[in-house]
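Participant: This is the content of data-v1.tsv (TSV, C-alpha atoms):
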chain	number	residue	atom	x	y	z
A	1	MET	CA	-5.95	-7.51	3.97
A	2	GLU	CA	-5.57	-9.82	6.99
A	3	ILE	CA	-3.91	-7.84	9.79
A	4	PHE	CA	-4.65	-10.01	12.86
A	5	ASP	CA	-4.42	-13.78	13.20
A	6	GLU	CA	-6.65	-15.75	15.58
A	7	ASN	CA	-4.24	-15.74	18.53
A	8	GLU	CA	-3.76	-11.96	18.22
A	9	ILE	CA	-7.54	-11.44	18.25
A	10	ARG	CA	-7.84	-13.63	21.35
A	11	THR	CA	-5.08	-11.60	23.03
A	12	ILE	CA	-7.05	-8.43	22.29
A	13	ILE	CA	-10.16	-10.02	23.85
A	14	LYS	CA	-8.14	-10.96	26.95
A	15	PHE	CA	-6.71	-7.43	27.25
A	16	LEU	CA	-10.16	-5.82	26.96
A	17	TRP	CA	-11.61	-8.26	29.52
A	18	VAL	CA	-8.80	-7.52	31.99
A	19	SER	CA	-9.53	-3.80	31.37
A	20	GLY	CA	-13.05	-4.34	32.72
A	21	LYS	CA	-14.99	-4.31	29.45
A	22	THR	CA	-18.27	-6.20	29.12
A	23	ASN	CA	-18.72	-8.90	26.48
A	24	LEU	CA	-20.73	-6.53	24.29
A	25	GLU	CA	-18.15	-3.76	24.66
A	26	ILE	CA	-15.40	-6.22	23.75
A	27	TYR	CA	-17.38	-7.31	20.69
A	28	ASP	CA	-17.84	-3.69	19.54
A	29	GLU	CA	-14.15	-2.87	20.05
A	30	VAL	CA	-12.89	-6.01	18.28
A	31	SER	CA	-15.23	-5.28	15.35
A	32	ARG	CA	-13.98	-1.71	15.17
A	33	VAL	CA	-10.27	-2.56	15.34
A	34	CYS	CA	-10.10	-5.91	13.53
A	35	GLY	CA	-13.08	-5.66	11.17
A	36	GLU	CA	-16.77	-6.48	11.15
A	37	GLY	CA	-17.53	-10.19	11.50
A	38	ILE	CA	-13.97	-11.12	12.47
A	39	SER	CA	-15.20	-12.59	15.76
A	40	SER	CA	-18.76	-13.38	16.89
A	41	LEU	CA	-20.26	-12.38	20.25
A	42	ARG	CA	-20.62	-16.08	21.10
A	43	THR	CA	-16.88	-16.62	20.53
A	44	ILE	CA	-16.05	-13.69	22.79
A	45	GLN	CA	-18.36	-15.05	25.50
A	46	ARG	CA	-16.62	-18.45	25.27
A	47	TRP	CA	-13.12	-16.97	25.66
A	48	VAL	CA	-14.16	-14.64	28.51
A	49	ALA	CA	-15.63	-17.63	30.35
A	50	ARG	CA	-12.31	-19.43	29.91
A	51	PHE	CA	-10.34	-16.44	31.27
A	52	ARG	CA	-12.63	-16.32	34.30
A	53	GLU	CA	-11.55	-19.89	35.04
A	54	ASN	CA	-7.96	-18.57	35.32
A	55	ASP	CA	-7.03	-20.19	32.02
A	56	PHE	CA	-5.29	-17.33	30.22
A	57	SER	CA	-3.85	-19.25	27.29
A	58	VAL	CA	-5.02	-18.07	23.87
A	59	GLU	CA	-4.19	-21.41	22.24
A	60	ASP	CA	-6.89	-23.94	21.40
A	61	ARG	CA	-7.23	-26.71	23.98
A	62	THR	CA	-6.11	-30.16	22.95
A	63	ARG	CA	-9.07	-32.21	21.81
A	64	ILE	CA	-9.12	-35.69	23.29
A	65	GLY	CA	-10.74	-38.78	21.80
A	66	ARG	CA	-11.38	-37.48	18.32
A	67	PRO	CA	-8.83	-38.17	15.57
A	68	ARG	CA	-7.75	-35.29	13.39
A	69	GLU	CA	-10.00	-35.21	10.37
A	70	GLU	CA	-8.24	-35.85	7.09
A	71	ILE	CA	-8.62	-33.13	4.46
A	72	ASP	CA	-8.89	-33.82	0.77
A	73	VAL	CA	-6.03	-31.64	-0.52
A	74	LYS	CA	-7.45	-31.91	-4.04
A	75	ILE	CA	-10.40	-29.75	-2.95
A	76	ILE	CA	-8.02	-26.97	-1.92
A	77	GLU	CA	-6.06	-27.31	-5.17
A	78	ASP	CA	-9.30	-27.00	-7.16
A	79	MET	CA	-10.24	-23.85	-5.21
A	80	LEU	CA	-6.84	-22.32	-6.01
A	81	ASP	CA	-7.09	-23.30	-9.68
A	82	TYR	CA	-10.38	-21.39	-9.81
A	83	ASP	CA	-9.11	-18.39	-7.81
A	84	PRO	CA	-5.37	-18.26	-6.92
A	85	HIS	CA	-5.98	-14.98	-5.05
A	86	VAL	CA	-8.25	-16.59	-2.43
A	87	SER	CA	-6.97	-16.16	1.14
A	88	ALA	CA	-6.26	-18.98	3.57
A	89	ARG	CA	-8.91	-17.54	5.89
A	90	GLU	CA	-11.52	-17.73	3.12
A	91	ILE	CA	-10.57	-21.33	2.26
A	92	GLY	CA	-10.86	-22.23	5.94
A	93	ARG	CA	-14.26	-20.55	6.18
A	94	ARG	CA	-15.62	-22.45	3.18
A	95	LEU	CA	-14.32	-25.80	4.43
A	96	ALA	CA	-15.03	-25.11	8.14
A	97	ILE	CA	-11.34	-25.67	8.96
A	98	ASN	CA	-8.97	-23.58	11.07
A	99	LYS	CA	-7.03	-21.06	8.97
A	100	ASN	CA	-3.69	-22.08	10.47
A	101	ARG	CA	-4.22	-25.66	9.31
A	102	ILE	CA	-4.98	-24.40	5.79
A	103	VAL	CA	-1.73	-22.41	5.79
A	104	ASP	CA	0.15	-25.51	6.94
A	105	ILE	CA	-1.33	-27.55	4.07
A	106	LEU	CA	-0.55	-24.85	1.50
A	107	LYS	CA	3.05	-24.41	2.58
A	108	ASN	CA	4.09	-27.90	3.67
A	109	GLN	CA	1.95	-30.30	1.62
A	110	LEU	CA	1.34	-28.29	-1.54
A	111	GLN	CA	4.71	-26.46	-1.37
A	112	MET	CA	3.06	-23.11	-2.16
A	113	SER	CA	3.87	-19.50	-1.26
A	114	LYS	CA	2.21	-16.12	-1.80
A	115	VAL	CA	3.57	-13.91	-4.58
A	116	CYS	CA	2.59	-10.85	-6.62
A	117	ALA	CA	2.44	-10.71	-10.40
A	118	LYS	CA	5.51	-8.99	-11.87
A	119	TRP	CA	4.95	-5.80	-13.87
A	120	ILE	CA	7.41	-4.17	-16.30
A	121	PRO	CA	6.65	-0.49	-17.06
A	122	HIS	CA	8.43	-0.04	-20.43
A	123	GLN	CA	10.97	-1.56	-22.81
A	124	LEU	CA	13.83	0.95	-22.52
A	125	SER	CA	15.85	1.99	-25.57
A	126	SER	CA	19.59	2.72	-25.40
A	127	SER	CA	19.03	6.48	-25.55
A	128	GLN	CA	16.44	6.28	-22.75
A	129	LYS	CA	18.90	4.39	-20.55
A	130	ILE	CA	21.51	7.11	-21.16
A	131	THR	CA	18.93	9.76	-20.24
A	132	ARG	CA	18.04	7.90	-17.05
A	133	VAL	CA	21.70	7.86	-15.98
A	134	ARG	CA	22.13	11.57	-16.75
A	135	CYS	CA	18.95	12.52	-14.85
A	136	ALA	CA	19.88	10.26	-11.92
A	137	ARG	CA	23.21	12.07	-11.56
A	138	GLU	CA	21.45	15.43	-11.67
A	139	MET	CA	18.85	14.36	-9.09
A	140	LEU	CA	21.62	13.12	-6.79
A	141	GLN	CA	23.17	16.58	-6.76
A	142	VAL	CA	20.18	17.53	-4.59
A	143	LEU	CA	19.05	14.30	-2.94
A	144	SER	CA	22.45	12.99	-1.86
A	145	ASP	CA	22.32	15.60	0.93
A	146	PRO	CA	19.87	14.30	3.61
A	147	ILE	CA	19.24	17.87	4.78
A	148	GLN	CA	17.61	18.55	1.40
A	149	HIS	CA	15.06	15.74	1.74
A	150	ARG	CA	12.52	17.85	3.64
A	151	LEU	CA	12.83	20.56	0.95
A	152	VAL	CA	12.03	18.22	-1.96
A	153	TYR	CA	8.28	17.69	-2.44
A	154	THR	CA	7.26	14.90	-4.79
A	155	GLN	CA	3.85	14.57	-6.49
A	156	ASP	CA	1.87	12.17	-8.59
A	157	GLU	CA	-1.70	11.05	-9.10
A	158	SER	CA	-3.30	7.63	-9.37
A	159	TRP	CA	-6.68	5.99	-9.73
A	160	ILE	CA	-8.30	4.47	-6.64
A	161	HIS	CA	-10.84	1.82	-7.65
A	162	TRP	CA	-14.13	1.08	-5.97
A	163	ARG	CA	-13.39	-2.63	-6.27
A	164	ASN	CA	-9.97	-3.73	-4.99
A	165	PRO	CA	-9.25	-7.45	-5.54
A	166	ARG	CA	-6.34	-9.11	-3.78
A	167	LYS	CA	-3.05	-9.17	-5.71
A	168	LEU	CA	-1.24	-11.87	-3.78
A	169	MET	CA	-1.84	-15.39	-5.01
A	170	TRP	CA	-0.75	-18.92	-4.07
A	171	VAL	CA	1.75	-20.61	-6.40
A	172	LYS	CA	3.86	-23.74	-6.02
A	173	SER	CA	7.54	-23.46	-5.17
A	174	GLY	CA	9.79	-23.19	-8.20
A	175	ILE	CA	7.09	-21.67	-10.40
A	176	SER	CA	8.00	-18.25	-11.85
A	177	HIS	CA	5.87	-15.28	-10.84
A	178	PRO	CA	2.84	-14.89	-13.10
A	179	THR	CA	2.26	-11.72	-15.10
A	180	GLU	CA	-1.01	-9.85	-14.96
A	181	LEU	CA	-2.65	-7.54	-17.48
A	182	ARG	CA	-3.47	-4.09	-16.22
A	183	GLY	CA	-7.18	-3.29	-16.16
A	184	ARG	CA	-8.18	-6.92	-15.65
A	185	PHE	CA	-10.66	-5.87	-12.96
A	186	PRO	CA	-12.52	-2.84	-14.40
A	187	SER	CA	-14.53	-0.83	-11.89
A	188	LYS	CA	-15.57	2.68	-11.04
A	189	LYS	CA	-12.63	4.75	-9.91
A	190	GLN	CA	-11.59	8.07	-8.39
A	191	MET	CA	-8.33	9.91	-9.05
A	192	VAL	CA	-6.26	11.22	-6.15
A	193	SER	CA	-3.22	13.53	-6.27
A	194	VAL	CA	-0.74	13.38	-3.38
A	195	ILE	CA	2.25	15.56	-2.50
A	196	PHE	CA	4.69	14.67	0.28
A	197	ASN	CA	8.25	15.16	1.49
A	198	SER	CA	10.46	13.23	3.91
A	199	GLU	CA	8.35	14.46	6.84
A	200	GLY	CA	4.96	13.27	5.58
A	201	ILE	CA	1.89	14.04	3.49
A	202	VAL	CA	1.42	17.71	2.61
A	203	SER	CA	-1.49	17.75	0.14
A	204	ILE	CA	-4.27	15.34	-0.86
A	205	VAL	CA	-6.59	16.36	-3.71
A	206	PHE	CA	-9.35	14.19	-5.21
A	207	LEU	CA	-10.46	14.87	-8.76
A	208	PRO	CA	-14.21	15.60	-8.89
A	209	SER	CA	-16.07	12.84	-10.73
A	210	GLU	CA	-17.32	15.14	-13.49
A	211	GLU	CA	-13.87	16.67	-14.25
A	212	ASN	CA	-10.76	15.58	-16.15
A	213	PHE	CA	-7.24	15.81	-14.75
A	214	THR	CA	-6.04	18.61	-17.01
A	215	LYS	CA	-3.03	20.90	-16.94
A	216	ARG	CA	-5.31	23.67	-15.66
A	217	PHE	CA	-6.61	21.48	-12.82
A	218	PHE	CA	-3.06	20.50	-11.90
A	219	GLU	CA	-1.88	24.10	-11.92
A	220	ASP	CA	-4.86	25.74	-10.20
A	221	VAL	CA	-6.06	23.06	-7.78
A	222	VAL	CA	-3.19	20.64	-7.09
A	223	VAL	CA	-0.33	23.16	-7.06
A	224	GLY	CA	-2.65	25.80	-5.60
A	225	ASN	CA	-3.46	23.55	-2.66
A	226	PHE	CA	0.24	22.76	-2.22
A	227	VAL	CA	1.15	26.46	-2.11
A	228	SER	CA	-1.54	27.09	0.51
A	229	GLU	CA	-0.13	24.29	2.71
A	230	VAL	CA	3.59	25.07	2.41
A	231	GLU	CA	5.46	28.23	3.33
A	232	ILE	CA	7.69	29.06	0.35
A	233	PRO	CA	10.89	30.79	1.53
A	234	LYS	CA	11.91	33.83	-0.53
A	235	THR	CA	15.61	33.18	-0.99
A	236	ARG	CA	18.20	32.96	-3.74
A	237	ASP	CA	20.13	30.30	-1.88
A	238	LYS	CA	19.54	27.09	-3.85
A	239	LYS	CA	20.20	24.96	-0.77
A	240	ARG	CA	17.36	26.66	1.13
A	241	LYS	CA	14.80	26.65	-1.69
A	242	ILE	CA	12.05	24.07	-1.80
A	243	LYS	CA	12.03	21.90	-4.92
A	244	PHE	CA	9.09	20.31	-6.71
A	245	HIS	CA	9.32	16.84	-8.24
A	246	CYS	CA	6.86	15.14	-10.60
A	247	ASP	CA	7.02	13.06	-13.74
A	248	ASN	CA	6.92	14.36	-17.32
A	249	SER	CA	3.28	13.82	-18.26
A	250	ARG	CA	1.78	16.70	-20.24
A	251	THR	CA	-0.49	17.78	-17.41
A	252	HIS	CA	2.61	18.32	-15.24
A	253	LEU	CA	4.40	20.68	-17.64
A	254	ILE	CA	3.81	23.92	-15.72
A	255	ASP	CA	7.35	25.26	-15.60
A	256	GLU	CA	6.17	28.85	-16.08
A	257	LYS	CA	3.88	28.61	-13.06
A	258	LEU	CA	6.69	27.13	-10.94
A	259	ARG	CA	9.03	29.94	-12.01
A	260	GLN	CA	6.43	32.49	-10.91
A	261	LEU	CA	6.29	30.77	-7.53
A	262	ASN	CA	10.11	30.65	-7.32
A	263	ILE	CA	10.02	26.86	-7.00
A	264	PRO	CA	12.71	24.96	-8.96
A	265	ARG	CA	11.57	21.71	-10.53
A	266	LEU	CA	13.64	18.59	-9.96
A	267	VAL	CA	14.39	16.76	-13.20
A	268	HIS	CA	12.84	13.32	-13.79
A	269	PRO	CA	13.71	10.86	-16.59
A	270	PRO	CA	10.91	9.59	-18.85
A	271	TYR	CA	9.44	6.10	-18.38
A	272	SER	CA	10.90	5.88	-14.87
A	273	PRO	CA	8.31	4.98	-12.23
A	274	ASP	CA	11.08	3.06	-10.43
A	275	LEU	CA	12.70	6.43	-9.62
A	276	ALA	CA	9.52	8.17	-8.41
A	277	PRO	CA	8.57	7.71	-4.72
A	278	CYS	CA	4.84	7.85	-5.46
A	279	ASP	CA	5.25	4.91	-7.83
A	280	PHE	CA	7.79	2.70	-6.08
A	281	PHE	CA	6.25	3.26	-2.65
A	282	LEU	CA	3.20	5.40	-1.97
A	283	PHE	CA	0.44	4.21	-4.28
A	284	GLY	CA	1.51	0.57	-4.01
A	285	TYR	CA	1.37	0.84	-0.22
A	286	VAL	CA	-2.06	2.52	-0.27
A	287	LYS	CA	-3.54	-0.01	-2.69
A	288	THR	CA	-2.18	-2.88	-0.63
A	289	CYS	CA	-3.98	-1.43	2.40
A	290	LEU	CA	-7.18	-1.26	0.35
A	291	GLU	CA	-7.00	-4.83	-1.00
A	292	GLY	CA	-10.21	-6.77	-0.51
A	293	ILE	CA	-12.31	-3.62	0.02
A	294	VAL	CA	-15.33	-2.79	-2.17
A	295	PHE	CA	-16.47	0.80	-1.71
A	296	GLU	CA	-20.16	1.65	-1.77
A	297	SER	CA	-19.82	5.41	-2.39
A	298	THR	CA	-17.37	8.10	-3.44
A	299	GLU	CA	-17.48	9.55	0.08
A	300	GLU	CA	-16.45	6.19	1.57
A	301	LEU	CA	-13.58	5.86	-0.92
A	302	ILE	CA	-12.30	9.38	-0.20
A	303	GLN	CA	-12.59	8.98	3.58
A	304	THR	CA	-10.84	5.59	3.69
A	305	THR	CA	-8.07	6.56	1.26
A	306	THR	CA	-7.39	9.79	3.15
A	307	GLN	CA	-7.27	7.87	6.42
A	308	VAL	CA	-4.73	5.41	5.00
A	309	LEU	CA	-2.54	8.23	3.66
A	310	ARG	CA	-2.65	10.26	6.87
A	311	SER	CA	-1.82	7.21	9.00
A	312	ILE	CA	1.57	6.58	7.34
A	313	PRO	CA	4.22	7.29	10.00
A	314	ARG	CA	6.99	9.82	9.43
A	315	HIS	CA	9.79	7.27	9.67
A	316	MET	CA	8.41	5.52	6.56
A	317	PHE	CA	8.72	8.72	4.51
A	318	GLU	CA	12.27	9.23	5.75
A	319	SER	CA	13.05	5.66	4.72
A	320	VAL	CA	11.47	6.23	1.28
A	321	TYR	CA	13.76	9.18	0.60
A	322	ARG	CA	16.80	7.09	1.54
A	323	GLU	CA	15.50	4.38	-0.80
A	324	TRP	CA	15.07	7.03	-3.51
A	325	VAL	CA	18.76	7.95	-3.24
A	326	SER	CA	19.73	4.27	-3.27
A	327	ARG	CA	17.67	3.66	-6.41
A	328	LEU	CA	19.34	6.57	-8.21
A	329	TRP	CA	22.78	5.13	-7.45
A	330	ARG	CA	21.67	1.66	-8.58
A	331	CYS	CA	20.26	3.11	-11.80
A	332	ILE	CA	23.70	4.57	-12.55
A	333	GLU	CA	25.44	1.30	-11.66
A	334	LEU	CA	23.04	-0.62	-13.96
A	335	ASN	CA	23.70	1.81	-16.85
A	336	GLY	CA	20.09	2.98	-16.90
A	337	GLU	CA	18.31	-0.39	-16.54
A	338	TYR	CA	15.24	-0.57	-14.33
A	339	VAL	CA	15.83	-0.89	-10.60
A	340	GLU	CA	13.84	-3.65	-8.89
Take the structure in the file and give it back as structure tokens.
Facilitator:
Amino acid sequence: MEIFDENEIRTIIKFLWVSGKTNLEIYDEVSRVCGEGISSLRTIQRWVARFRENDFSVEDRTRIGRPREEIDVKIIEDMLDYDPHVSAREIGRRLAINKNRIVDILKNQLQMSKVCAKWIPHQLSSSQKITRVRCAREMLQVLSDPIQHRLVYTQDESWIHWRNPRKLMWVKSGISHPTELRGRFPSKKQMVSVIFNSEGIVSIVFLPSEENFTKRFFEDVVVGNFVSEVEIPKTRDKKRKIKFHCDNSRTHLIDEKLRQLNIPRLVHPPYSPDLAPCDFFLFGYVKTCLEGIVFESTEELIQTTTQVLRSIPRHMFESVYREWVSRLWRCIELNGEYVE
């Protein structure tokens, strides 16, 4: 995932130089913040020399006397035909052309934009749509009160792959979004279970490689870790009780355990990832952050994934819970159809 463009990287170099850093220290810091290989030591030396001349612009100087080299657009089209997921930075690197010029060609000459493949979770039946509306109304009895958001903890698990190809791809304007088959890029993977509320992440549990995600594992390890992290108030007042939300997979059917813990379970309609915060927000966000990364070990995968999860700011979780409520209302308005 490209976080910094060239001008932003140059601004970082300028800031570090003004802060009194040496060229080598600037190189180490840029590599740490922006990524290894994003800027060479020679490039940093060139920009520092320019700043020392009291030229503090981060824009490229106008080149005089040499006409702008024409680019064979067909070469770029062929590269995109072979791999529509390729980034503008990678195209520029292969052709030895500035990334910004590649973006200009893609958008203005080839009339292209970046999109994601559209995914539909399930073909809903009439009875399933009715169930979704009924469950949405029941969920809103709790979630429509913003005070309750911090008391509702939602959980789900997902696979994190060792190999994470980019999902965005370049397509021409007017072309419908392509569909993509799940599992197209098979790789080693590690399952992670996450529990959070409107204030942030509460529990992160990785499934050991040699184990299966069973009902027993969910009950003993996932819920057990959650109970150890959260203080469960002993009260009969429904408005002060914490609630647990998860989908209806068989491994999650631990109602007896939740009753023992005095934790009510929030209802969830079947085949409804669009109404589950882990599905419509969390795991998509995490996997977007991991795009382009190939892990070399389980430890690296766990460390990086945990870092991404823990770095999500609180205001995003608050926003997700407001979006959750909005989606429930839209589900009712759409008579149970999927909410986009």
Participant: Just the residues within 9 Å of Gly336 of chain A, please, counting all atoms listed in the file, with nothing from its chain fewer than 2 positions along; format it as a VMD selection string.
Facilitator: chain A and resid 124 126 128 to 134 136 330 to 334 338 to 339
Participant: Work out how far atom CA of Thr11 of chain A is from atom CA of Tyr27 of chain A, in Å to one decimal.
Facilitator: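 So the answer is 13.2 Å.
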Participant: Report, in Å with one decimal, the straight-line distance from atom CA of Ile12 of chain A to atom CA of Ile91 of chain A.
Facilitator: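 For atom CA of Ile12 of chain A relative to atom CA of Ile91 of chain A, the distance reads 24.1 Å.
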Participant: One decimal, in Å: what's the spacing between atom CA of Met79 of chain A and atom CA of Ser39 of chain A?
Facilitator: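 Taking atom CA of Met79 of chain A as the start and atom CA of Ser39 of chain A as the end point, the length is 24.3 Å.
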Participant: For Pro146 of chain A, work out the shell of residues within 12 Å, counting all atoms listed in the file and skipping chain neighbours fewer than 2 positions away, then give it as a list in words.
Facilitator: Leu140, Gln141, Val142, Leu143, Ser144, Gln148, His149, Arg150, Leu151, Val152, Asn197, Ser198, Glu199, Lys239, Glu318, Ser319, Val320, Tyr321, Arg322, Glu323, Trp324 and Val325 of chain A
Participant: Mind dumping the selected residues with C-alpha atoms as a PDB file, keeping the file's coordinate frame?
Facilitator:
ATOM      1  CA  LEU A 140      21.620  13.120  -6.790  1.00  0.00           C
ATOM      2  CA  GLN A 141      23.170  16.580  -6.760  1.00  0.00           C
ATOM      3  CA  VAL A 142      20.180  17.530  -4.590  1.00  0.00           C
ATOM      4  CA  LEU A 143      19.050  14.300  -2.940  1.00  0.00           C
ATOM      5  CA  SER A 144      22.450  12.990  -1.860  1.00  0.00           C
ATOM      6  CA  GLN A 148      17.610  18.550   1.400  1.00  0.00           C
ATOM      7  CA  HIS A 149      15.060  15.740   1.740  1.00  0.00           C
ATOM      8  CA  ARG A 150      12.520  17.850   3.640  1.00  0.00           C
ATOM      9  CA  LEU A 151      12.830  20.560   0.950  1.00  0.00           C
ATOM     10  CA  VAL A 152      12.030  18.220  -1.960  1.00  0.00           C
ATOM     11  CA  ASN A 197       8.250  15.160   1.490  1.00  0.00           C
ATOM     12  CA  SER A 198      10.460  13.230   3.910  1.00  0.00           C
ATOM     13  CA  GLU A 199       8.350  14.460   6.840  1.00  0.00           C
ATOM     14  CA  LYS A 239      20.200  24.960  -0.770  1.00  0.00           C
ATOM     15  CA  GLU A 318      12.270   9.230   5.750  1.00  0.00           C
ATOM     16  CA  SER A 319      13.050   5.660   4.720  1.00  0.00           C
ATOM     17  CA  VAL A 320      11.470   6.230   1.280  1.00  0.00           C
ATOM     18  CA  TYR A 321      13.760   9.180   0.600  1.00  0.00           C
ATOM     19  CA  ARG A 322      16.800   7.090   1.540  1.00  0.00           C
ATOM     20  CA  GLU A 323      15.500   4.380  -0.800  1.00  0.00           C
ATOM     21  CA  TRP A 324      15.070   7.030  -3.510  1.00  0.00           C
ATOM     22  CA  VAL A 325      18.760   7.950  -3.240  1.00  0.00           C
TER      23      VAL A 325
END
Participant: Using only C-alpha atoms, pick whichever of A:Asp156, A:Val223, A:Arg310, A:Met191 has the shortest atom-to-atom distance to Asn248 of chain A.
Facilitator: A:Asp156
Participant: Which neighbours of Arg52 of chain A fall inside 10 Å, counting all atoms listed in the file, when residues of the same chain fewer than 5 positions from it are skipped, and could you give them as a count of residues only?
Facilitator: 3
